[in-house]
Each structure stands twice: as structure tokens, then as C-alpha cells.
Amino acid sequence: MPFPDGFLFGAATSSHQVEGSLDVDGRGESVWDAFARLPGAIEGGGDASVACDSYRLWRDDVALIEELGLQAYRYSIGWSRVLPDGRGRVETRALDHYERFTDALLDIGVTPMITLNHWDMPQALMSHEGWVGRESVGAFAEYAEAVADRLADRVEWWVTQNEPWIIALLGYHLGLHAPGVADLGKSVRAAHHVLLGHGVAADVLHRHPGAKAGCALSLFPCDPASDAAEDVAAARGSDGYVNRWFLDPLLAKGYPEDMWEHYERALGEPLDFIRAGDADAIAGRSDWLGINYYTRRVMAHAEVTPQRPFPWRVVGPRGDVPRTDESWEVVPSSLTGLLLRLHEDYPDTPMFITENGGIYGDSPTHDGRVHDVRRTDLLRDHVLAVEAAVDAGADVRGYLHWSLMDNFEWAMGYRPRMGLTYVDYRTGERIVKDSGRSYAELIRNHAH
Ligand code: FCB
């Protein structure tokens with residue numbers, strides 16, 4: 001295996017998806033609490049009030065991480081736990097909790113990776129429309145400061161924002177995630193403020209020697225459905241929308257012109273909320289890039305309509321291809337291609353796979369075990385895909401599987417299962433799946 005010394009294998013979760021205990025230690029409401037109350041917002045009508053009960057059972061989580069032999073664990077801080085009112089008062093009980101958890105990981109030799117914003121913005125910040133308002137940037141800096149002051153002396157890897165595109169798309173354009181806003185113009189503003197938030201949080205973190213700031217992007221390689229010039233243009237356009245709109249400003253190139261024009265045309269107005277100086281406040285602050293990779297997009301040309309702001313549409317792959325239970329195509333080779341492309345387009349940027357996984361509904365069989373063969377294969381094939389990229393020169397520092405355990409999958413509720421560990425939501429019991437066991441073995445074989 002060509003994995004470099006210090007390459008880290010691990011798993012990831014986020015606060016709102018695993019913690020439960022939404023009303024303890026002075027936690028304030030987050031946008032997901034309010035969103036979950038809207039009729040029909042969450043499939044099955046569930047909410048995150050118990051989830052995996054990780055806030056209470058955090059010692060069990062540490063034991064599970066140890067049992068699997070994970071070298072790194074990515075988790076997030078509950079933003080509305082630390083700043084219950086959005087600004088001002090800092091809740092020290094929340095910081096105490098995360099400090100205990102972080103120290104327990106360090107004690108067993110696990111490298112912590114902390115995400116600051118994994119979507120649970122305090123509901124109080126909706127007074128300025130959440131990320132739509134530029135006030136969100138200052139509020140995020142305040143939060144970053146509270147967390148960094150407590151933990152940046154011992155944590156090296158920091159994710160400022162998780163998936164700016166998904167926040168903007170699902171949270172502010174389609175209204176399918178909290179805060180449930182459905183407005184293209186607002187989503188473009190929100191995305192910009194999320195990126196500015198990365199900038200201010202990175203500046204806060206950099207006041208602590210050794211802290212490395214990165215943003216985790218949901219990257220989807222975009223392939224044309226055919227060789228026709230208009231499909232090739234559709235794939236390029238979609239790449240601008242999904243990938244380059246975030247990669248370019250973060251990694252020092254500024255916003256891509258092609259996508260800027262698409263937005264101005266679609267919105268019928270200039271993007272004047274992007275002010276002089278903003279590009280400089282976003283760029284040049286990433287010590288590394290987090291990559292959340294699940295699948296690719298196969299794109300074809302399409303006419304712009306009132307419902308379709310851009311001249312492209314997702315058509316998906318032709319024919320029978322491997323898919324997860326949620327129908328996403330499983331295509332590990334696209335991950336290799338993505339890593340090599342990033343290595344070329346954004347040289348000197350260390351990369352980390354901050355999420356990768358799949359939805360498979362396997363549950364315990366008569367022997368009490370979970371034989372999730374497809375997840376085991378998916379995991380192995382994606383690790384091999386990373387290996388191929390590393391072999392070809394890409395600077396990848398680690399691989400984190402999503403997720404350590406089944407959890408609250410946002411608007412899809414508890415139906416999709418993505419864990420290396422099965423969670424029985426009725427009893428709280430956790431059962432390591434076959435995929436978890438085989439991952440543990442893979443890590444043992446490749447541990448340095
Ligand atoms: C990503 C999210 C993560 C989880 C996975 C399946 O978009 O970052 O919280 O929901 O997808």
C-alpha cells in the first residue's frame with residue numbers, strides 16, 4: 001500500500017445527527033429543531049431528540065472508536081449548544097462536554113477532527129435570515145472563537161463549514177433542509193456568507209499555532225451524457241455550479257466567471273452583495289481541503305425554464321449500474337479522477353476525504369450480525385480508489401467513512417442507514433456491522 005506515513009483512517013458523524021439530548025446543558029434551539037416541527041419536513045415524522053443518544057453515551061462512542069481501531073474521528077460541535085442565543089452568552093457546560101470527549105479521544109491516541117458548522121445554526125440567527133444575512137459571518141466568528149479558545153490548543157484538524165453547496169441548495173434554494181427557504185437569490189447570498197464564514201473562522205483558528213483550517217465540500221464530478229458539444233458544455237456548466245463556485249474562491253482563484261454570468265442571468269440582477277475585498281477574505285486561508293464524495297453527476301443540455309435556472313439537467317448513467325439503496329451510482333473510479341483533477345487544478349493543497357459512504361438498509365439477521373456486504377465492498381473499493389490517486393501523486397492525508405454509526409439522516413429521517421455500526425433506535429443497542437469489522441482489519445493491516 002502506498003499510503004504515506006501518517007495517513008489516517010477513520011470515520012465521521014455530526015452533532016445533530018447523533019447526539020440527541022436537545023434540551024440539556026442549556027442548549028438553545030437550532031434551525032433543525034424548528035424545521036423538524038414543520039409537518040412533512042422529516043420523512044417518518046421523526047426528529048433528532050434522541051438519535052444515537054451520543055451526548056449522553058459519549059463514553060460508549062469512544063469505546064466503539066477504540067474497538068474499531070480508528071485512527072481519526074470527525075465530529076462536530078453543536079453550535080446552538082455553545083451559543084444558545086446565537087450571539088453573546090457562551091454556554092460553558094457545552095464546551096466542557098466537548099473538551100471531555102476530545103480529551104478521551106486523545107487519551108486513546110485517536111486524532112480528533114472538529115467541524116464547526118455541520119448545519120445546526122442557532123435558530124436565534126434567523127432574525128437575520130440565517131446565512132442570507134451578512135450578520136451571520138460575525139456570529140460565526142464569535143462561535144469559532146469560543147470553540148477555538150477551548151480546544152485549538154490540542155486539536156490540529158478543523159473543518160470550518162460542512163458542504164456550503166448543500167447548505168445553499170437544500171436549505172435556501174429548494175427548502176428541503178433547515179431553514180426551509182426556497183429562493184435561488186437567497187441561496188446565492190447564503191453560499192457567499194458561508195464562504196466568508198470559512199474565512200473568518202480560519203483567521204480565528206490561525207491565531208492558535210498548529211491549528212489547520214479547511215472547508216469540507218460536497219464534490220460531484222460532472223460527466224457529459226454524450227460527446228455532443230452541448231452535453232459537454234452542460235457538464236462543464238454543472239461543474240461550475242456544484243464544484244468550482246466553491247473550490248475557486250477558497251483556493252485563491254476568485255469566483256468562476258462562467259457561473260457568475262449564469263447567476264446574474266438567472267437572477268436578473270448583479271451579485272452586488274459580493275463586495276470588494278470579499279474574494280481576499282475567503283481565499284488563501286485553507287490549509288487543506290475536505291472532500292465529501294458520494295457519487296458523480298451525468299449531465300445533458302436542457303432548455304432554461306422558469307423552474308430550471310441553468311441550461312443543464314442530471315440524466316444519470318445509462319443502463320444497469322451498481323447503486324446504493326437510495327439509487328446513487330457507486331463509482332469509485334470517479335473519486336480517483338476527482339482527486340487527480342484537484343491535485344492538478346489546485347496544487348499544493350493537501351486533501352482529506354472527510355466523508356464517503358453509502359445507504360444500505362441491512363439489519364441484523366438470525367445470528368445477530370449485520371452482513372452488509374455491499375458497504376464492505378463500497379468501502380474497500382473507495383479506499384483502493386484513493387490509493388490509486390495517491391500512487392499517481394495526489395496529496396491525500398486521510399480517509400473518513402460516513403458514518404461511525406447509523407444516525408438521523410436529515411430530511412430522510414432514520415430510514416437510510418449509513419453506519420459501520422447498526423443502531424437499534426428502539427433500544428439504543430449498537431451492533432458493529434461486518435463492514436465495521438472488515439474496516440477494522442483494513443486499518444490494522446495498514447497502520448503505521
Ligand atoms: C452529507 C452530510 C452528512 C450526511 C451525508 C450522508 O451531505 O454532510 O451529514 O448526511 O451527506
# chains A, B, ... in the order shown; residues from 1 in each chain; ligands from 1
$ residues_near_ligand --ligand "ligand 1" --cutoff "7 Å" --atoms "only C-alpha atoms and all ligand atoms" --output "JSON, numbers by chain"
{"A": [13, 14, 118, 162, 163, 166, 218, 402, 409, 410]}
$ residues_around --residues "Ala94 in chain A" --least-positions-apart "2" --cutoff "9 Å" --atoms "only C-alpha atoms" --output "mmCIF file with C-alpha atoms, in the first residue's frame"
data_model
loop_
_atom_site.group_PDB
_atom_site.id
_atom_site.type_symbol
_atom_site.label_atom_id
_atom_site.label_comp_id
_atom_site.auth_asym_id
_atom_site.auth_seq_id
_atom_site.Cartn_x
_atom_site.Cartn_y
_atom_site.Cartn_z
ATOM 1 C CA ASP A 25 -26.857 21.769 29.439
ATOM 2 C CA GLY A 26 -28.579 24.980 28.363
ATOM 3 C CA ARG A 27 -28.651 24.176 24.658
ATOM 4 C CA ILE A 77 -19.713 20.870 17.860
ATOM 5 C CA GLY A 78 -23.361 21.752 18.426
ATOM 6 C CA ARG A 81 -25.198 24.369 22.445
ATOM 7 C CA VAL A 82 -22.242 26.757 22.639
ATOM 8 C CA VAL A 90 -21.314 31.236 25.804
ATOM 9 C CA GLU A 91 -22.590 28.052 27.459
ATOM 10 C CA THR A 92 -19.551 26.586 29.208
ATOM 11 C CA ASP A 96 -16.908 21.172 28.998
ATOM 12 C CA HIS A 97 -18.661 18.282 27.285
ATOM 13 C CA TYR A 98 -16.693 18.603 24.053
ATOM 14 C CA GLU A 99 -13.472 19.046 25.975
#
$ select_by_dssp --residues "range 255-298 of chain A" --states "strand (DSSP E or B)" --output "PyMOL selection string"
chain A and resi 288-292+297-298
$ write_last_selection --atoms "N, CA, C and O atoms" --output "compact mmCIF listing (two decimals), in the first residue's frame"
# COMPACT_ATOMS: atom_id res chain seq x y z
N TRP A 288 -5.91 23.05 4.02
CA TRP A 288 -6.20 21.77 3.39
C TRP A 288 -7.63 21.82 2.90
O TRP A 288 -8.37 22.76 3.21
N LEU A 289 -8.01 20.80 2.11
CA LEU A 289 -9.36 20.74 1.55
C LEU A 289 -10.04 19.45 1.97
O LEU A 289 -9.47 18.36 1.82
N GLY A 290 -11.24 19.55 2.52
CA GLY A 290 -12.04 18.37 2.87
C GLY A 290 -12.93 17.99 1.70
O GLY A 290 -13.57 18.85 1.09
N ILE A 291 -12.95 16.70 1.39
CA ILE A 291 -13.75 16.23 0.24
C ILE A 291 -14.78 15.23 0.73
O ILE A 291 -14.44 14.18 1.28
N ASN A 292 -16.05 15.57 0.53
CA ASN A 292 -17.13 14.62 0.79
C ASN A 292 -17.53 14.07 -0.57
O ASN A 292 -18.02 14.81 -1.42
N ARG A 297 -22.23 13.11 -11.22
CA ARG A 297 -23.44 13.58 -11.92
C ARG A 297 -23.23 13.41 -13.41
O ARG A 297 -22.20 13.85 -13.95
N VAL A 298 -24.17 12.77 -14.09
CA VAL A 298 -24.11 12.65 -15.55
C VAL A 298 -25.09 13.67 -16.13
O VAL A 298 -26.28 13.65 -15.81
$ closest_residue --among "A:Gly20, A:Gly28, A:Gly185, A:Pro270" --to "Cys52 in chain A" --atoms "only C-alpha atoms"
A:Gly20
$ residues_around --residues "range 155-157 of chain A" --least-positions-apart "6" --cutoff "8 Å" --atoms "only C-alpha atoms" --output "ChimeraX atom specification"
/A:111-114,210-214
$ closest_residue --among "A:Ile353, A:Gly361, A:Leu379, A:Ser30" --to "Asp395 in chain A" --atoms "only C-alpha atoms"
A:Ile353
$ select_by_dssp --residues "range 125-179 of chain A" --states "alpha helix (DSSP H)" --output "PyMOL selection string"
chain A and resi 135-151+164-166
$ residues_around --residues "Asp203 in chain A" --least-positions-apart "2" --cutoff "12 Å" --atoms "only C-alpha atoms" --output "PyMOL selection string"
chain A and resi 140-142+144-145+148+158+160+196-201+205-209+211-214+281-287
$ residues_around --residues "Ser327 in chain A" --least-positions-apart "5" --cutoff "10 Å" --atoms "only C-alpha atoms" --output "PyMOL selection string"
chain A and resi 321-322+358-359
$ decode --residues "range 245-297 of chain A" --atoms "C-alpha atoms" --output "compact mmCIF listing (two decimals), in the first residue's frame"
# COMPACT_ATOMS: atom_id res chain seq x y z
CA TRP A 245 -18.20 28.00 -7.35
CA PHE A 246 -16.70 26.86 -4.05
CA LEU A 247 -13.27 25.49 -4.97
CA ASP A 248 -12.14 28.57 -6.91
CA PRO A 249 -12.84 31.24 -4.28
CA LEU A 250 -11.49 29.06 -1.46
CA LEU A 251 -8.33 28.11 -3.25
CA ALA A 252 -7.39 31.57 -4.44
CA LYS A 253 -8.88 31.96 -7.87
CA GLY A 254 -11.99 34.01 -7.09
CA TYR A 255 -15.47 33.12 -8.31
CA PRO A 256 -15.56 31.49 -11.78
CA GLU A 257 -16.82 33.88 -14.45
CA ASP A 258 -18.98 31.38 -16.34
CA MET A 259 -21.08 30.63 -13.26
CA TRP A 260 -21.18 34.29 -12.23
CA GLU A 261 -22.83 35.02 -15.59
CA HIS A 262 -25.32 32.18 -15.16
CA TYR A 263 -26.35 33.53 -11.76
CA GLU A 264 -26.69 37.13 -12.97
CA ARG A 265 -28.79 36.00 -15.91
CA ALA A 266 -30.97 33.69 -13.79
CA LEU A 267 -31.50 36.31 -11.08
CA GLY A 268 -31.77 39.27 -13.45
CA GLU A 269 -29.58 41.38 -11.20
CA PRO A 270 -25.91 41.87 -10.36
CA LEU A 271 -24.36 39.90 -7.50
CA ASP A 272 -23.61 43.15 -5.71
CA PHE A 273 -23.74 41.58 -2.24
CA ILE A 274 -20.29 40.22 -3.13
CA ARG A 275 -18.25 43.23 -2.11
CA ALA A 276 -14.78 44.41 -2.99
CA GLY A 277 -12.39 42.64 -0.66
CA ASP A 278 -14.59 39.58 -0.16
CA ALA A 279 -12.55 37.41 -2.51
CA ASP A 280 -9.46 38.16 -0.43
CA ALA A 281 -11.33 37.37 2.78
CA ILE A 282 -12.20 33.89 1.52
CA ALA A 283 -9.04 32.90 -0.33
CA GLY A 284 -5.64 31.94 0.99
CA ARG A 285 -6.87 30.62 4.30
CA SER A 286 -7.27 26.91 3.63
CA ASP A 287 -4.51 24.73 4.98
CA TRP A 288 -6.20 21.77 3.39
CA LEU A 289 -9.36 20.74 1.55
CA GLY A 290 -12.04 18.37 2.87
CA ILE A 291 -13.75 16.23 0.24
CA ASN A 292 -17.13 14.62 0.79
CA TYR A 293 -17.57 12.21 -2.09
CA TYR A 294 -20.60 10.02 -2.70
CA THR A 295 -21.27 9.86 -6.44
CA ARG A 296 -20.94 11.65 -9.78
CA ARG A 297 -23.44 13.58 -11.92
